[in-house]
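Remarks on the structure that follows.
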Amino acid sequence: MDPIIEMPPVQGNVYFISDCHFGLPDWRASLERESRLVAFLDSIAEEVTHLFLLGDVFDFWFEYKDVVPKHCLRFLGRLAQLVDRGVKVYYILGNHDMWSFSYIREEIGLEQIKGIVDVEINGKRVRMGHGDALDPKDKGYLLIKWIYAQPLNQRLFAMLHPRQSFALARFVSRSSRRAHEEADKVFRGEDEPIIQYCRRVMQERHFDFFLFGHRHLPCDYPLSENCRYLNTGDWLYHDSYVVMKEGEVLLGTSKNSENSYCSK
């Protein structure tokens, strides 16, 4: 299980996005998706005070000592502009971009986080994270993530030429997506691993909101009279986001999505 990190309280107009998967399935499609997200960031630039990236911003990211992926300059540039204007940007790493080390943090000035975050936002208690590795019964996935997280394995991977390592990563990612794409479009209600995780946590501690990504399904799901689970969805299909401001918590999209949001 990822570590739980307690953050100082946050007050303001707070936006959340996740699962952009830049680089998938090819450069042209990724560039078009990047342009949509940049336009969205421009549209909220005057009001946003905090921006949380809830993981899988990139479909694959790996930093060599002197080499980083060459794409997404417009998106990274917009993040830098927001930080320069005083916006607090937080990047909670997902399973596809867990090998982001220091480059983005140092170049842009955002806060990079590995783990699950507990924070009070506008007076509401929130637990948030990417949303993977929450099912203790999924031993296979937990083992794979542990292997990926080992520094020795990261150093061994870095010995590959970038052309080889990125080709291998793209192959693995695309194969996994083809195998799970149809199943991932189905909302399973109380059988969702994230919802089951929320239920376990609720037995020990109260939160007003649980906020995750990973599932690619925009979701606003009531867990009780005073607790909701929200999923930010993705920018592959929905261009969706969550915003907390002016006493409200809203799930929105910057385009007309063909897929309805999950509900109880």
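Here, A, B, ... name the chains of the structure tokens in the order displayed, residue numbers run from 1 inside each chain, and ligands are numbered from 1 in the same displayed order.
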
So that I can check the surroundings of Ala133 in chain A, please list as a list in words every protein, DNA and RNA residue that reaches within 8 Å of it, counting only C-alpha atoms and ignoring chain neighbours fewer than 6 positions away.
Met1, Asp2, Tyr141 and Leu142 of chain A

Store the residues picked out above, limited to N, CA, C and O atoms, as an mmCIF file, in the first residue's frame.
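Generated output (result-v5.cif):
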data_model
loop_
_atom_site.group_PDB
_atom_site.id
_atom_site.type_symbol
_atom_site.label_atom_id
_atom_site.label_comp_id
_atom_site.auth_asym_id
_atom_site.auth_seq_id
_atom_site.Cartn_x
_atom_site.Cartn_y
_atom_site.Cartn_z
ATOM 1 N N MET A 1 0.845 -1.190 0.000
ATOM 2 C CA MET A 1 0.000 0.000 0.000
ATOM 3 C C MET A 1 0.882 1.243 0.000
ATOM 4 O O MET A 1 1.896 1.298 0.680
ATOM 5 N N ASP A 2 0.489 2.236 -0.792
ATOM 6 C CA ASP A 2 1.248 3.478 -0.848
ATOM 7 C C ASP A 2 1.193 4.210 0.489
ATOM 8 O O ASP A 2 0.204 4.094 1.232
ATOM 9 N N TYR A 141 -0.616 -7.568 -9.245
ATOM 10 C CA TYR A 141 -0.340 -6.163 -9.546
ATOM 11 C C TYR A 141 0.545 -5.533 -8.476
ATOM 12 O O TYR A 141 1.471 -4.777 -8.793
ATOM 13 N N LEU A 142 0.269 -5.845 -7.218
ATOM 14 C CA LEU A 142 1.062 -5.277 -6.132
ATOM 15 C C LEU A 142 2.522 -5.712 -6.235
ATOM 16 O O LEU A 142 3.443 -4.928 -5.965
#

Could you go through range 122-240 of chain A and tell me which residues DSSP, when run on the backbone, assigns to alpha helix (DSSP H), listing them as a PyMOL selection string?
chain A and resi 139-149+151-158+162-184+193-202

Which of range 107-168 of chain A end up as strand (DSSP E or B) when DSSP is run on this backbone - answer as a ChimeraX atom specification?
/A:111-113,116-121,124-128

Could the residues in this selection be saved with C-alpha atoms as a PDB file, in the first residue's frame?
ATOM      1  CA  GLU A 111       5.367  19.493  -5.568  1.00  0.00           C
ATOM      2  CA  GLN A 112       5.745  15.852  -6.539  1.00  0.00           C
ATOM      3  CA  ILE A 113       4.110  13.233  -4.330  1.00  0.00           C
ATOM      4  CA  ILE A 116      -2.057   8.883  -0.900  1.00  0.00           C
ATOM      5  CA  VAL A 117      -2.828  12.370   0.377  1.00  0.00           C
ATOM      6  CA  ASP A 118      -5.082  13.397   3.271  1.00  0.00           C
ATOM      7  CA  VAL A 119      -5.921  17.090   3.222  1.00  0.00           C
ATOM      8  CA  GLU A 120      -8.587  19.563   4.275  1.00  0.00           C
ATOM      9  CA  ILE A 121      -9.815  21.521   1.244  1.00  0.00           C
ATOM     10  CA  LYS A 124     -13.795  19.456   3.805  1.00  0.00           C
ATOM     11  CA  ARG A 125     -11.737  16.362   4.616  1.00  0.00           C
ATOM     12  CA  VAL A 126     -10.433  14.718   1.446  1.00  0.00           C
ATOM     13  CA  ARG A 127      -8.429  11.574   0.782  1.00  0.00           C
ATOM     14  CA  MET A 128      -6.970  11.490  -2.715  1.00  0.00           C
TER      15      MET A 128
END

Nearest to Pro218 in chain A by atom-to-atom distance, counting only C-alpha atoms, from A:Leu82, A:Leu230, A:Val48, A:Val243
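Of the candidates, the smallest distance to Pro218 in chain A is held by A:Leu230.
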
Nearest to Pro8 in chain A, chosen from A:Ser43, A:Pro69, A:Leu76, A:Asn122, with only C-alpha atoms counted in the distances:
A:Asn122

For Arg215 in chain A, which residue among A:Cys20, A:Ile44, A:Met98, A:Ala169 is the nearest when counting only C-alpha atoms?
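Closest to Arg215 in chain A, using only C-alpha atoms: A:Cys20.
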
All residues 8 Å or closer to Arg78 in chain A, only C-alpha atoms, same chain fewer than 3 positions away omitted, as a list in words
Val38, Leu41, Arg74, Phe75, Gln81 and Leu82 of chain A

Would you mind exporting N, CA and C atoms of the selected residues as a PDB file, in the first residue's frame?
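Result went into out_23.pdb, see below:
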ATOM      1  N   VAL A  38      -4.287  22.075 -22.750  1.00  0.00           N
ATOM      2  CA  VAL A  38      -3.684  23.404 -22.640  1.00  0.00           C
ATOM      3  C   VAL A  38      -4.767  24.479 -22.728  1.00  0.00           C
ATOM      4  N   LEU A  41      -6.534  24.600 -19.424  1.00  0.00           N
ATOM      5  CA  LEU A  41      -5.746  25.296 -18.408  1.00  0.00           C
ATOM      6  C   LEU A  41      -5.772  26.803 -18.638  1.00  0.00           C
ATOM      7  N   ARG A  74       4.276  22.033 -24.597  1.00  0.00           N
ATOM      8  CA  ARG A  74       3.234  23.045 -24.385  1.00  0.00           C
ATOM      9  C   ARG A  74       2.559  22.856 -23.021  1.00  0.00           C
ATOM     10  N   PHE A  75       2.259  21.620 -22.691  1.00  0.00           N
ATOM     11  CA  PHE A  75       1.621  21.336 -21.405  1.00  0.00           C
ATOM     12  C   PHE A  75       2.551  21.683 -20.250  1.00  0.00           C
ATOM     13  N   GLN A  81       4.029  28.239 -16.259  1.00  0.00           N
ATOM     14  CA  GLN A  81       3.416  29.564 -16.205  1.00  0.00           C
ATOM     15  C   GLN A  81       2.487  29.691 -14.996  1.00  0.00           C
ATOM     16  N   LEU A  82       1.711  28.635 -14.737  1.00  0.00           N
ATOM     17  CA  LEU A  82       0.818  28.675 -13.579  1.00  0.00           C
ATOM     18  C   LEU A  82       1.611  28.808 -12.282  1.00  0.00           C
TER      19      LEU A  82
END

What does the distance between CA of Trp146 in chain A and CA of Leu211 in chain A come to in Å, to one decimal place?
23.3 Å

Between CA of Ser254 in chain A and CA of Tyr197 in chain A - distance in Å to one decimal:
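Separation of CA of Tyr197 in chain A and CA of Ser254 in chain A: 28.9 Å.
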
Between A:Phe157, A:Phe187, A:Phe16, A:Phe171, which has the minimum distance to Thr232 in chain A (counting only C-alpha atoms)?
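Ranking A:Phe157, A:Phe187, A:Phe16, A:Phe171 by distance to Thr232 in chain A, first place goes to A:Phe16.
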
Could you tell me which of A:Asn153, A:Tyr103, A:Asp59, A:Asp84 comes closest to Ser176 in chain A if we count only C-alpha atoms?
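Closest to Ser176 in chain A, using only C-alpha atoms: A:Asp59.
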
Would you list the contacts of Leu37 in chain A as number ranges by chain, taking every protein, DNA or RNA residue within 12 Å and counting only C-alpha atoms, but skipping same-chain residues closer than 3 positions in sequence?
A: 17-22, 30-34, 40-44, 57, 72, 74-76, 78-79, 234-236, 238-241, 253-255

Work out how far apart CA of Leu53 in chain A and CA of Lys145 in chain A are and give it in Å to one decimal.
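Atom-to-atom, CA of Leu53 in chain A and CA of Lys145 in chain A are spaced 19.9 Å apart.
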